[in-house]
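Peer 1: Okay, so here is structure_13.cif, and as you'll see once you scroll down, it has mmCIF, C-alpha atoms and all ligand atoms.
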data_work
#
loop_
_atom_site.label_atom_id
_atom_site.label_comp_id
_atom_site.auth_asym_id
_atom_site.auth_seq_id
_atom_site.Cartn_x
_atom_site.Cartn_y
_atom_site.Cartn_z
CA MET A 81 -134.04 -8.80 41.30
CA LEU A 82 -132.42 -5.50 40.33
CA ASN A 83 -129.27 -4.00 41.82
CA PHE A 84 -130.14 -1.79 44.75
CA GLN A 85 -128.82 0.37 47.56
CA PHE A 86 -130.70 0.58 50.83
CA TYR A 87 -129.95 3.43 53.21
CA ASN A 88 -132.31 4.62 55.91
CA PRO A 89 -130.66 6.43 58.80
CA ALA A 90 -133.87 7.32 60.71
CA ARG A 91 -133.52 6.22 64.33
CA ILE A 92 -136.89 4.76 65.30
CA ILE A 93 -137.75 5.19 68.97
CA PHE A 94 -140.83 3.05 69.48
CA GLY A 95 -143.08 2.71 72.51
CA ARG A 96 -145.07 4.16 75.35
CA GLY A 97 -144.04 7.47 76.88
CA GLU A 98 -141.05 8.13 74.60
CA GLU A 99 -142.33 11.59 73.63
CA GLU A 100 -141.49 12.70 77.15
CA ASN A 101 -137.81 12.14 76.35
CA VAL A 102 -137.84 14.23 73.18
CA GLY A 103 -135.73 17.03 74.71
CA LYS A 104 -133.07 14.51 75.71
CA TYR A 105 -132.96 13.03 72.21
CA ILE A 106 -132.64 16.47 70.61
CA ALA A 107 -129.87 17.42 73.04
CA ASP A 108 -127.82 14.53 71.56
CA TYR A 109 -127.45 16.60 68.38
CA GLY A 110 -125.87 19.65 70.02
CA VAL A 111 -128.78 21.84 69.00
CA LYS A 112 -129.00 25.58 69.78
CA LYS A 113 -132.50 26.53 68.57
CA VAL A 114 -135.44 24.37 67.53
CA LEU A 115 -138.42 25.15 65.32
CA LEU A 116 -141.38 23.34 66.90
CA HIS A 117 -143.72 22.65 63.98
CA TYR A 118 -147.27 21.28 64.37
CA GLY A 119 -150.77 21.17 62.91
CA LYS A 120 -154.07 22.81 63.84
CA ASN A 121 -155.16 21.88 67.36
CA SER A 122 -155.01 18.12 68.00
CA ILE A 123 -151.71 18.20 69.91
CA LYS A 124 -152.96 20.96 72.23
CA LYS A 125 -156.26 19.16 72.80
CA THR A 126 -154.58 15.86 73.70
CA GLY A 127 -151.98 17.41 76.01
CA LEU A 128 -149.10 16.27 73.80
CA TYR A 129 -148.00 19.88 73.20
CA ASP A 130 -147.55 20.46 76.95
CA ARG A 131 -145.51 17.27 77.34
CA ILE A 132 -143.23 18.23 74.44
CA VAL A 133 -142.70 21.78 75.74
CA LYS A 134 -141.95 20.44 79.23
CA SER A 135 -139.32 18.07 77.87
CA LEU A 136 -137.68 20.82 75.78
CA GLU A 137 -137.59 23.15 78.78
CA GLU A 138 -136.22 20.47 81.12
CA ASN A 139 -133.37 19.96 78.69
CA ASN A 140 -132.73 23.72 78.29
CA ILE A 141 -133.54 23.67 74.60
CA GLU A 142 -134.52 27.03 73.19
CA PHE A 143 -137.39 26.86 70.70
CA ILE A 144 -139.65 28.91 68.50
CA GLU A 145 -143.06 27.70 67.26
CA LEU A 146 -144.89 27.45 63.98
CA GLY A 147 -148.29 25.72 64.15
CA GLY A 148 -151.14 25.72 61.66
CA VAL A 149 -150.09 23.01 59.20
CA CYS A 150 -153.24 21.81 57.43
CA PRO A 151 -153.91 18.39 55.88
CA ASN A 152 -152.49 18.54 52.33
CA PRO A 153 -149.88 21.04 53.57
CA VAL A 154 -149.36 24.25 51.62
CA LEU A 155 -146.42 26.12 50.19
CA SER A 156 -147.18 29.47 51.88
CA LEU A 157 -146.64 28.03 55.37
CA VAL A 158 -143.46 26.33 54.16
CA ARG A 159 -142.19 29.74 53.01
CA LYS A 160 -143.06 31.20 56.41
CA GLY A 161 -141.14 28.38 58.13
CA ILE A 162 -138.11 28.98 55.92
CA GLU A 163 -138.12 32.66 56.82
CA ILE A 164 -138.28 31.86 60.55
CA CYS A 165 -135.44 29.32 60.30
CA VAL A 166 -133.18 31.76 58.47
CA ASN A 167 -133.96 34.82 60.63
CA GLU A 168 -133.80 32.94 63.94
CA ASN A 169 -130.80 30.72 63.16
CA VAL A 170 -132.81 27.55 63.73
CA ASP A 171 -130.59 24.47 63.61
CA PHE A 172 -133.15 21.68 64.23
CA ILE A 173 -136.82 21.21 63.28
CA LEU A 174 -139.12 19.15 65.49
CA ALA A 175 -142.27 18.05 63.67
CA VAL A 176 -145.06 16.92 66.01
CA GLY A 177 -148.02 15.52 64.09
CA GLY A 178 -148.87 13.51 61.00
CA GLY A 179 -147.51 13.30 57.48
CA SER A 180 -148.63 16.83 56.69
CA VAL A 181 -146.59 18.35 59.53
CA ILE A 182 -143.57 16.19 58.77
CA ASP A 183 -143.72 16.99 55.04
CA SER A 184 -143.97 20.69 55.79
CA ALA A 185 -140.94 20.37 58.09
CA LYS A 186 -138.97 18.56 55.39
CA ALA A 187 -139.69 21.24 52.81
CA ILE A 188 -138.69 23.95 55.30
CA SER A 189 -135.48 22.03 56.04
CA VAL A 190 -134.55 22.16 52.34
CA GLY A 191 -135.61 25.77 51.77
CA ALA A 192 -133.73 27.09 54.79
CA LYS A 193 -130.42 25.92 53.33
CA THR A 194 -130.67 27.20 49.76
CA ASP A 195 -130.99 30.55 48.01
CA GLU A 196 -133.17 28.97 45.32
CA ASP A 197 -136.95 29.05 45.42
CA ILE A 198 -138.21 25.95 47.27
CA TRP A 199 -141.01 25.26 44.77
CA GLU A 200 -138.49 24.72 41.98
CA PHE A 201 -137.31 21.57 43.79
CA PHE A 202 -140.86 20.19 43.56
CA MET A 203 -141.25 20.85 39.84
CA ASP A 204 -137.74 19.89 38.68
CA LYS A 205 -136.69 16.39 39.74
CA LYS A 206 -133.12 17.00 38.55
CA LYS A 207 -132.42 19.68 41.13
CA VAL A 208 -129.94 18.46 43.73
CA ILE A 209 -130.40 19.03 47.47
CA TYR A 210 -127.02 19.50 49.13
CA GLU A 211 -127.87 20.53 52.63
CA THR A 212 -130.87 20.52 55.00
CA VAL A 213 -131.69 21.51 58.57
CA PRO A 214 -131.87 18.25 60.59
CA ILE A 215 -135.33 17.06 61.61
CA GLY A 216 -136.83 14.95 64.38
CA THR A 217 -140.46 13.83 64.57
CA VAL A 218 -143.10 12.78 67.07
CA LEU A 219 -145.68 10.90 65.02
CA THR A 220 -149.38 11.16 65.87
CA ILE A 221 -150.98 9.22 63.00
CA ALA A 222 -149.86 6.03 61.27
CA ALA A 223 -150.29 6.66 57.56
CA THR A 224 -147.74 8.23 55.24
CA GLY A 225 -144.50 6.75 56.52
CA SER A 226 -143.04 10.26 56.23
CA GLU A 227 -141.40 9.67 59.63
CA SER A 228 -138.62 7.80 57.80
CA SER A 229 -139.38 8.26 54.10
CA THR A 230 -137.44 10.16 51.46
CA SER A 231 -140.58 12.07 50.37
CA THR A 232 -142.22 15.37 51.11
CA VAL A 233 -145.51 16.26 49.38
CA ILE A 234 -146.62 19.91 49.26
CA THR A 235 -149.50 21.73 47.55
CA ASN A 236 -148.88 25.05 45.85
CA GLU A 237 -152.18 26.76 46.62
CA GLU A 238 -151.66 29.34 43.87
CA ASN A 239 -151.87 26.83 40.99
CA LEU A 240 -153.10 23.74 42.92
CA PHE A 241 -150.17 21.56 41.94
CA LYS A 242 -149.51 18.89 44.58
CA ARG A 243 -146.00 17.56 44.06
CA SER A 244 -143.26 15.65 45.88
CA ILE A 245 -139.51 15.70 46.24
CA SER A 246 -137.51 12.57 46.96
CA SER A 247 -134.20 12.85 48.81
CA SER A 248 -132.42 11.03 51.61
CA LYS A 249 -131.03 14.38 52.86
CA TYR A 250 -134.03 15.14 55.08
CA ILE A 251 -134.83 11.68 56.39
CA PRO A 252 -135.50 12.45 60.08
CA LYS A 253 -132.59 11.91 62.47
CA PHE A 254 -135.06 10.28 64.81
CA SER A 255 -138.78 9.55 64.89
CA ILE A 256 -140.68 8.86 68.09
CA LEU A 257 -143.47 6.34 67.52
CA ASN A 258 -145.74 5.92 70.53
CA PRO A 259 -148.87 4.01 69.42
CA GLU A 260 -150.81 5.54 72.36
CA LEU A 261 -150.62 8.93 70.63
CA THR A 262 -152.92 7.55 67.91
CA PHE A 263 -155.73 6.57 70.36
CA THR A 264 -157.37 9.99 69.87
CA LEU A 265 -157.66 9.77 66.09
CA PRO A 266 -161.16 10.05 64.65
CA ALA A 267 -162.19 6.70 63.07
CA TYR A 268 -162.15 8.29 59.61
CA GLN A 269 -158.51 9.40 59.98
CA THR A 270 -157.54 5.95 61.26
CA ALA A 271 -159.19 4.42 58.19
CA CYS A 272 -157.59 6.92 55.81
CA GLY A 273 -154.20 6.20 57.36
CA CYS A 274 -154.61 2.45 56.89
CA SER A 275 -155.78 2.95 53.30
CA ASP A 276 -152.60 4.97 52.63
CA ILE A 277 -150.39 2.30 54.20
CA LEU A 278 -152.05 -0.45 52.14
CA SER A 279 -151.57 1.64 49.02
CA HIS A 280 -147.84 2.09 49.76
CA LEU A 281 -147.65 -1.70 49.83
CA PHE A 282 -149.67 -2.12 46.61
CA GLU A 283 -147.58 0.49 44.78
CA ARG A 284 -144.48 -1.58 45.49
CA TYR A 285 -146.13 -4.96 44.97
CA PHE A 286 -147.29 -4.20 41.44
CA THR A 287 -143.95 -4.35 39.73
CA GLN A 288 -143.04 -5.93 36.42
CA ILE A 289 -139.63 -6.96 37.81
CA GLU A 290 -139.46 -10.73 38.24
CA ASN A 291 -137.78 -12.89 40.90
CA VAL A 292 -138.55 -10.63 43.86
CA ASP A 293 -140.09 -13.36 45.95
CA PHE A 294 -138.69 -12.23 49.33
CA THR A 295 -140.02 -8.67 49.05
CA ASP A 296 -143.30 -9.98 47.56
CA ARG A 297 -143.78 -12.09 50.68
CA LEU A 298 -142.79 -9.29 53.07
CA LEU A 299 -145.31 -7.03 51.31
CA GLU A 300 -148.00 -9.69 51.57
CA ALA A 301 -147.37 -10.12 55.32
CA ALA A 302 -147.56 -6.34 55.78
CA MET A 303 -150.82 -6.15 53.78
CA LYS A 304 -152.45 -8.90 55.85
CA THR A 305 -151.39 -7.17 59.05
CA ILE A 306 -152.93 -3.88 57.94
CA ILE A 307 -156.16 -5.44 56.67
CA ILE A 308 -156.74 -7.27 59.96
CA ASN A 309 -155.64 -4.50 62.32
CA ALA A 310 -157.37 -1.61 60.55
CA SER A 311 -160.72 -3.24 61.20
CA ALA A 312 -159.69 -3.96 64.80
CA ALA A 313 -158.61 -0.32 65.37
CA ILE A 314 -162.02 0.98 64.28
CA GLU A 315 -163.65 -1.35 66.81
CA LYS A 316 -161.10 -0.83 69.59
CA PRO A 317 -159.38 2.53 69.06
CA LYS A 318 -157.54 2.36 72.38
CA ASP A 319 -156.04 -1.12 71.92
CA TYR A 320 -152.28 -0.56 72.20
CA ASN A 321 -151.29 -3.77 70.44
CA VAL A 322 -153.53 -3.08 67.45
CA ARG A 323 -152.25 0.50 67.13
CA ALA A 324 -148.66 -0.74 67.50
CA GLU A 325 -149.01 -3.21 64.60
CA ILE A 326 -150.42 -0.49 62.34
CA MET A 327 -147.78 2.04 63.33
CA TRP A 328 -144.83 -0.24 62.65
CA VAL A 329 -146.19 -1.49 59.32
CA GLY A 330 -146.86 2.14 58.35
CA THR A 331 -143.20 3.00 58.81
CA LEU A 332 -141.80 -0.10 57.10
CA ALA A 333 -144.27 0.27 54.21
CA HIS A 334 -142.52 3.45 53.12
CA ASN A 335 -138.93 3.41 54.43
CA GLY A 336 -137.43 1.90 51.28
CA LEU A 337 -136.91 -1.67 52.53
CA LEU A 338 -139.88 -3.16 50.72
CA ASN A 339 -138.95 -1.80 47.31
CA THR A 340 -135.41 -3.14 47.31
CA GLY A 341 -134.57 -4.81 43.98
CA ARG A 342 -137.87 -3.83 42.34
CA ILE A 343 -139.53 -0.83 40.66
CA GLY A 344 -142.88 0.25 42.07
CA ASP A 345 -145.82 1.66 40.13
CA TRP A 346 -147.04 4.91 41.85
CA ALA A 347 -149.71 5.79 39.27
CA SER A 348 -152.51 5.51 41.86
CA HIS A 349 -150.67 8.00 44.07
CA HIS A 350 -150.10 10.45 41.23
CA ILE A 351 -153.73 10.16 40.08
CA GLU A 352 -154.94 10.60 43.66
CA HIS A 353 -152.74 13.64 44.35
CA GLU A 354 -154.67 15.52 41.66
CA LEU A 355 -157.90 14.81 43.56
CA SER A 356 -156.57 15.94 46.93
CA ALA A 357 -154.97 19.02 45.30
CA LEU A 358 -158.16 20.18 43.56
CA TYR A 359 -160.81 19.01 45.99
CA ASN A 360 -158.83 18.93 49.26
CA LEU A 361 -159.82 15.29 49.70
CA THR A 362 -158.04 13.27 52.41
CA HIS A 363 -155.23 11.32 50.70
CA GLY A 364 -156.30 7.89 52.04
CA ALA A 365 -159.91 8.44 50.95
CA GLY A 366 -158.73 9.40 47.47
CA LEU A 367 -156.74 6.17 47.37
CA SER A 368 -159.70 3.98 48.35
CA ILE A 369 -161.46 5.44 45.30
CA VAL A 370 -158.59 5.36 42.81
CA THR A 371 -157.00 2.01 43.69
CA PRO A 372 -159.88 -0.33 42.69
CA ALA A 373 -160.37 1.65 39.46
CA TRP A 374 -156.64 1.44 38.68
CA MET A 375 -156.70 -2.32 39.33
CA LYS A 376 -159.67 -2.84 36.99
CA TYR A 377 -157.89 -0.83 34.28
CA VAL A 378 -154.42 -2.45 34.42
CA TYR A 379 -154.79 -6.05 35.58
CA LYS A 380 -154.49 -7.49 32.06
CA GLU A 381 -150.84 -6.28 31.97
CA ASN A 382 -149.89 -9.12 34.32
CA PRO A 383 -152.89 -11.08 35.62
CA ASP A 384 -150.70 -13.59 37.45
CA LYS A 385 -149.48 -10.91 39.86
CA PHE A 386 -153.11 -10.16 40.74
CA ILE A 387 -153.88 -13.87 41.11
CA GLN A 388 -150.96 -14.22 43.51
CA LEU A 389 -152.30 -11.34 45.60
CA ALA A 390 -155.85 -12.72 45.53
CA HIS A 391 -154.65 -16.10 46.70
CA ARG A 392 -152.04 -15.14 49.29
CA VAL A 393 -153.58 -12.01 50.84
CA PHE A 394 -157.31 -12.16 50.12
CA ASP A 395 -157.56 -15.94 50.65
CA ILE A 396 -159.39 -16.51 47.37
CA ASP A 397 -159.11 -19.98 45.85
CA PHE A 398 -158.71 -19.93 42.11
CA ALA A 399 -158.85 -22.17 39.11
CA TYR A 400 -156.40 -21.51 36.25
CA ASN A 401 -159.21 -21.23 33.71
CA GLU A 402 -160.99 -18.62 35.84
CA LYS A 403 -158.32 -15.97 36.28
CA GLU A 404 -160.53 -13.01 35.43
CA LYS A 405 -163.24 -14.11 37.84
CA THR A 406 -160.67 -14.47 40.62
CA ILE A 407 -159.28 -10.98 40.02
CA VAL A 408 -162.74 -9.39 39.91
CA SER A 409 -163.72 -11.03 43.19
CA MET A 410 -160.47 -9.85 44.79
CA ILE A 411 -161.18 -6.25 43.79
CA GLU A 412 -164.72 -6.61 45.16
CA LYS A 413 -163.29 -7.94 48.42
CA LEU A 414 -160.94 -4.96 48.64
CA GLU A 415 -163.82 -2.54 48.02
CA SER A 416 -165.88 -4.22 50.75
CA TRP A 417 -162.97 -3.81 53.15
CA TYR A 418 -162.69 -0.08 52.38
CA LYS A 419 -166.45 0.29 52.87
CA SER A 420 -166.35 -1.59 56.17
CA LEU A 421 -163.90 1.07 57.42
CA GLY A 422 -166.25 3.86 56.34
CA LEU A 423 -164.14 4.87 53.31
CA PRO A 424 -165.56 5.94 49.94
CA THR A 425 -164.90 3.81 46.84
CA ARG A 426 -166.53 6.09 44.24
CA LEU A 427 -166.01 9.75 43.33
CA CYS A 428 -169.74 10.48 43.50
CA GLU A 429 -169.66 9.61 47.23
CA VAL A 430 -167.36 12.59 47.83
CA GLY A 431 -169.24 14.92 45.49
CA ILE A 432 -166.80 14.83 42.57
CA ASP A 433 -168.16 14.68 39.01
CA ASP A 434 -166.43 14.31 35.63
CA SER A 435 -166.10 18.03 34.89
CA ARG A 436 -162.36 18.29 35.68
CA PHE A 437 -161.07 14.84 34.65
CA SER A 438 -159.25 16.15 31.60
CA GLU A 439 -157.65 19.02 33.56
CA MET A 440 -156.49 16.64 36.33
CA ALA A 441 -155.09 14.10 33.86
CA GLU A 442 -153.13 16.84 32.08
CA LYS A 443 -151.75 18.26 35.32
CA CYS A 444 -150.81 14.77 36.49
CA LEU A 445 -148.47 14.41 33.53
CA VAL A 446 -146.77 17.83 33.72
CA ALA A 447 -143.00 17.28 34.10
CA ARG A 448 -143.60 13.51 34.01
CA GLY A 449 -144.63 12.57 30.47
CA LEU A 450 -146.35 9.34 31.49
CA THR A 451 -147.15 7.93 34.91
CA GLY A 452 -146.94 4.40 36.34
CA ASN A 453 -144.62 1.48 35.67
CA PHE A 454 -146.84 -1.61 35.90
CA LYS A 455 -148.61 -0.03 32.92
CA LYS A 456 -147.42 3.31 31.60
CA LEU A 457 -150.42 5.63 31.51
CA ASN A 458 -151.12 8.58 29.22
CA LYS A 459 -153.79 11.27 29.52
CA ASP A 460 -156.55 9.08 28.04
CA ASP A 461 -155.67 6.21 30.38
CA ILE A 462 -155.86 8.50 33.41
CA CYS A 463 -159.24 9.88 32.29
CA ASN A 464 -160.47 6.31 31.84
CA ILE A 465 -159.41 5.46 35.40
CA TYR A 466 -161.27 8.51 36.75
CA LYS A 467 -164.33 7.36 34.76
CA LEU A 468 -164.11 3.88 36.26
CA ALA A 469 -164.06 5.55 39.68
CA LEU A 470 -167.20 7.66 39.09
O1 LIG B 501 -153.93 19.37 62.35
P1 LIG B 501 -154.31 18.57 63.55
O2 LIG B 501 -155.18 19.32 64.48
O3 LIG B 501 -153.11 17.97 64.24
O4 LIG B 501 -155.25 17.35 63.05
C1 LIG B 501 -154.80 16.29 62.20
C2 LIG B 501 -155.38 16.42 60.78
O5 LIG B 501 -156.60 17.09 60.79
C3 LIG B 501 -155.43 15.01 62.67
N1 LIG B 501 -154.63 14.26 63.64
C4 LIG B 501 -153.35 13.82 63.50
N2 LIG B 501 -152.99 13.12 64.56
C5 LIG B 501 -154.04 13.12 65.42
C6 LIG B 501 -155.09 13.86 64.84
N3 LIG B 501 -156.28 14.02 65.45
C7 LIG B 501 -156.45 13.45 66.66
N4 LIG B 501 -155.50 12.72 67.26
C8 LIG B 501 -154.29 12.52 66.69
N5 LIG B 501 -153.37 11.76 67.28
O6 LIG B 501 -155.53 14.18 61.52
C9 LIG B 501 -155.67 14.99 60.36
C10 LIG B 501 -154.77 14.46 59.27
O7 LIG B 501 -153.43 14.68 59.54
P2 LIG B 501 -152.35 14.60 58.37
O8 LIG B 501 -151.01 14.89 58.92
O9 LIG B 501 -152.80 15.42 57.21
O10 LIG B 501 -152.47 13.06 57.92
P3 LIG B 501 -151.48 12.12 57.16
O11 LIG B 501 -150.42 11.62 58.06
O12 LIG B 501 -152.32 11.13 56.49
O13 LIG B 501 -150.75 13.06 56.06
C11 LIG B 501 -151.32 13.29 54.79
C12 LIG B 501 -150.38 14.07 53.89
O14 LIG B 501 -149.16 13.34 53.61
C13 LIG B 501 -149.00 13.17 52.19
C14 LIG B 501 -150.43 13.17 51.70
O15 LIG B 501 -150.54 13.38 50.32
C15 LIG B 501 -151.04 14.29 52.53
O16 LIG B 501 -150.67 15.55 52.01
N6 LIG B 501 -148.16 11.99 51.91
C16 LIG B 501 -146.86 12.03 52.29
C17 LIG B 501 -145.99 11.00 52.02
C18 LIG B 501 -144.56 11.06 52.42
N7 LIG B 501 -144.08 12.20 52.86
O17 LIG B 501 -143.82 10.08 52.35
C19 LIG B 501 -146.41 9.80 51.30
C20 LIG B 501 -147.87 9.66 51.14
O18 LIG B 501 -148.14 8.85 50.02
C21 LIG B 501 -148.67 10.92 51.07
O19 LIG B 501 -148.78 11.42 49.75
ZN ZN B 502 -149.66 7.68 50.23
#
Any chance you could give the structure as C-alpha cells?

Peer 2:
Amino acid sequence: MLNFQFYNPARIIFGRGEEENVGKYIADYGVKKVLLHYGKNSIKKTGLYDRIVKSLEENNIEFIELGGVCPNPVLSLVRKGIEICVNENVDFILAVGGGSVIDSAKAISVGAKTDEDIWEFFMDKKKVIYETVPIGTVLTIAATGSESSTSTVITNEENLFKRSISSSKYIPKFSILNPELTFTLPAYQTACGCSDILSHLFERYFTQIENVDFTDRLLEAAMKTIIINASAAIEKPKDYNVRAEIMWVGTLAHNGLLNTGRIGDWASHHIEHELSALYNLTHGAGLSIVTPAWMKYVYKENPDKFIQLAHRVFDIDFAYNEKEKTIVSMIEKLESWYKSLGLPTRLCEVGIDDSRFSEMAEKCLVARGLTGNFKKLNKDDICNIYKLAL
C-alpha cells in the first residue's frame, strides 16, 4: 500500500424529502446571492424546481438562475455562468441535476475567482486553483460521483476537446442525495449511470500496486452491489431501496476513499471521453463499449488481478491452468450484463466507424504523453482498443 492522504469535506445529506430543506442548508453558509444552475427541463417537469425555489424563498435567499446545461457540458455556458457570478456578486452556486450540471457549476466556481481563462486550467494540469465560489448540490442521477468528487469534466465545443480538472477546492460543501429524485430517470440513463459507477470501481481496481487487499475487497463489494441493483432498478424504477443502494455506491465509488493507497488506471475513461466529445455519446454508454475492449487488450499485464475479479465478483470458478479461459468468460459475462441493461457494447451499435480512430487517439494523448497505469498506452494501443470495440 502506498502513502496516502484522504480528505473529502462534502457533507452528504441522504434521504427522502431533504431537497425541501435546501434553503436552510444554504443559509448555514451566510450566503447573500445564489446562482441556481440546472439542466434542460427534467427538474421543471418533475416539480423539483418548484420545491427548490420554495425552499430558497422561505429562507429569504436571493438567487439568480442559469439553466440549459446539456449532457457533456460545454465551455460556452461555463463562460456565461462566470460572467453572471462576477457581475451579480454571486457567493454560492447551487447545482440541481446530474454530473453535467455539477461539473458546469464547478468550472464556473473556479472561473469566477480568477482573471485567467478557465479553459487553461483544463489543458494545463500544473495550474493551481487558489479560490472558488462554494457549491452545494441536489443530485438527480446516480452516476458520476461529481457530488463529492475532485473532478469537473467540460467539453470545449470549438475544438471538441473534453478534459477534466482535479482539485479539492470545489468539492461541494454539501450534496443532497434523495434516491426518490432518481425515480423519473429514463431506463437508459439509469443504465448509463450504473455503467459509469462500475467503471469508476474498475478504474481503481485495476492497479499494479500490491497489498491493497482492504480496498480491493471494498471495491468488489461495491461492484456486486451495482451489478445486482442496476438490473433491479430497470425492473423496478420506483423501488426506493434499490435506488438508495445505487446512489450511495455512486458517491463512494468516486469520493477518493476507494483509491487510498493505490494508483488507478483511467485509460478507459480517457479513451471514452474522446468518443463522447466527438460523437456526443452518453458517457456510460461509451464506457460499456470501451471497457470490455480495454480488458481484452490489457489483461496479460496482470492476469491474476482479472482472475481475482472473475472469481470474487462474477462468481466464476477457475482452474489455474485455465486462466485465459476464465478471463474471457468474465468479459463475456460483463458484456451480457451491459446488454441486459440495454447498453451498447460495440461502436457499430451507436453508428461509429473507424474513420476517426487515429484522430481520437492523438487527441487523447495531447498534454498527457501516454494514458493508463495498469498498462501505459500509446497512440497505436488506443487505436487497437477502438478496433477491438468495433
Ligand atoms: O438536462 P435534464 O433535462 O436535467 O436531463 C438530464 C440529462 O438529459 C437527465 N436527467 C437527470 N436527472 C434526471 C433526468 N431525467 C429525468 N429524471 C431525472 N431525475 O439525464 C440526462 C443526463 O444527465 P447528466 O447530468 O449528463 O448525466 P451524468 O450524471 O451521467 O453526467 C455525465 C457527465 O459527467 C461527466 C461525464 O463525462 C459527462 O460529461 N463525468 C464527470 C465526472 C466527475 N465530475 O467526477 C466523472 C465521470 O467519470 C464523468 O466523466
Ligand atoms: Zn465516469

Peer 1: Excluding Pro89 of chain A and its own-chain neighbours fewer than 4 positions away, which residues fall within 9 Å of it when counting all atoms listed in the file? Please give them as an NGL selection string.

Peer 2: :A and (228 or 248 or 251-254)

Peer 1: Would you pick out the contacts of Leu116 of chain A at 9 Å or less, using all atoms listed in the file, so that residues sharing its chain but fewer than 5 positions from it are not included, and give the list as a list in words?

Peer 2: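 Non-adjacent residues within range: Phe143, Ile144, Glu145, Leu146, Gly147, Phe172, Ile173, Leu174, Ala175 and Val176 of chain A.
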
Peer 1: Name the residues within 8 Å of (-147.6, 7.1, 73.2), counting all atoms listed in the file in the file's coordinates, and put them as a list in words.

Peer 2: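 Applying the cut-off with all atoms listed in the file, one gets Gly95, Arg96, Gly97, Glu98, Glu99, Leu257, Asn258, Pro259, Glu260, Leu261 and Thr262 of chain A.
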
Peer 1: Using only C-alpha atoms and all ligand atoms, which residues of the polymer chains come no farther than 9 Å from ligand ZN 502 (chain B)? I'd like the answer as a PyMOL selection string.

Peer 2: chain A and resi 223-225+273+275-280+334+349+352-353+363-364+367

Peer 1: Closest to Thr340 of chain A among A:Thr305, A:Gln388, A:Thr287, A:Thr425, using only C-alpha atoms?

Peer 2: A:Thr287

Peer 1: Let me have all residues with an atom within 6 Å of ligand LIG 501 (chain B), counting all atoms listed in the file, laid out as a PyMOL selection string.

Peer 2: chain A and resi 119-123+150-153+177-181+183+220-221+223-226+229+231-233+261-262+264-265+269+273+363

Peer 1: Once you count only C-alpha atoms, which residues end up no further than 12 Å from (-135.8, 33.2, 64.2) in the file's frame, shown as JSON, numbers by chain?

Peer 2: {"A": [112, 113, 114, 115, 116, 142, 143, 144, 145, 146, 160, 161, 162, 163, 164, 165, 166, 167, 168, 169, 170, 171, 172, 192]}

Peer 1: Measuring atom to atom with all atoms listed in the file, identify which of A:Cys274, A:Cys428, A:Ile396, A:Ile188 is nearest to Met410 of chain A.

Peer 2: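 Going through A:Cys274, A:Cys428, A:Ile396, A:Ile188 one by one, the smallest distance to Met410 of chain A is for A:Ile396.
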
Peer 1: One decimal, in Å: what's the spacing between atom CA of Ala324 of chain A and atom CA of Leu219 of chain A?

Peer 2: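 Atom CA of Leu219 of chain A lies 12.3 Å from atom CA of Ala324 of chain A.
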
Peer 1: Using atom CA of Lys413 of chain A and atom CA of Ala347 of chain A as the two end points, give the distance in Å to one decimal.

Peer 2: 21.4 Å

Peer 1: Nearest residue to Leu155 of chain A out of A:Glu290, A:Glu315, A:Glu238, A:Glu402, using all atoms listed in the file?

Peer 2: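 Checking each candidate against Leu155 of chain A, we get A:Glu238 as the closest.
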
Peer 1: Nearest residue to Glu200 of chain A out of A:Ser244, A:Thr230, A:Ser356, A:Ser184, using all atoms listed in the file?

Peer 2: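 Ranked by minimum distance to Glu200 of chain A, first place goes to A:Ser244.
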
Peer 1: Please produce segment 115-126 of chain A, completed to N, CA and C atoms, as a CSV table (one decimal), in the frame of the given file.

Peer 2:
chain,number,residue,atom,x,y,z
A,115,LEU,N,-137.1,24.7,65.8
A,115,LEU,CA,-138.4,25.2,65.3
A,115,LEU,C,-139.4,24.0,65.7
A,116,LEU,N,-140.4,24.3,66.5
A,116,LEU,CA,-141.4,23.3,66.9
A,116,LEU,C,-142.5,23.5,65.9
A,117,HIS,N,-142.8,22.5,65.1
A,117,HIS,CA,-143.7,22.6,64.0
A,117,HIS,C,-144.9,21.7,64.2
A,118,TYR,N,-146.1,22.2,64.1
A,118,TYR,CA,-147.3,21.3,64.4
A,118,TYR,C,-148.5,21.7,63.6
A,119,GLY,N,-149.6,21.0,63.7
A,119,GLY,CA,-150.8,21.2,62.9
A,119,GLY,C,-151.8,22.2,63.5
A,120,LYS,N,-153.0,21.8,63.4
A,120,LYS,CA,-154.1,22.8,63.8
A,120,LYS,C,-154.2,22.8,65.4
A,121,ASN,N,-155.0,21.8,65.9
A,121,ASN,CA,-155.2,21.9,67.4
A,121,ASN,C,-155.1,20.5,68.1
A,122,SER,N,-154.9,19.4,67.3
A,122,SER,CA,-155.0,18.1,68.0
A,122,SER,C,-154.0,18.0,69.1
A,123,ILE,N,-152.7,18.5,68.9
A,123,ILE,CA,-151.7,18.2,69.9
A,123,ILE,C,-151.9,19.0,71.2
A,124,LYS,N,-152.6,20.2,71.0
A,124,LYS,CA,-153.0,21.0,72.2
A,124,LYS,C,-154.1,20.3,73.0
A,125,LYS,N,-155.1,19.8,72.2
A,125,LYS,CA,-156.3,19.2,72.8
A,125,LYS,C,-155.9,17.9,73.6
A,126,THR,N,-154.9,17.1,73.1
A,126,THR,CA,-154.6,15.9,73.7
A,126,THR,C,-153.6,16.0,74.8
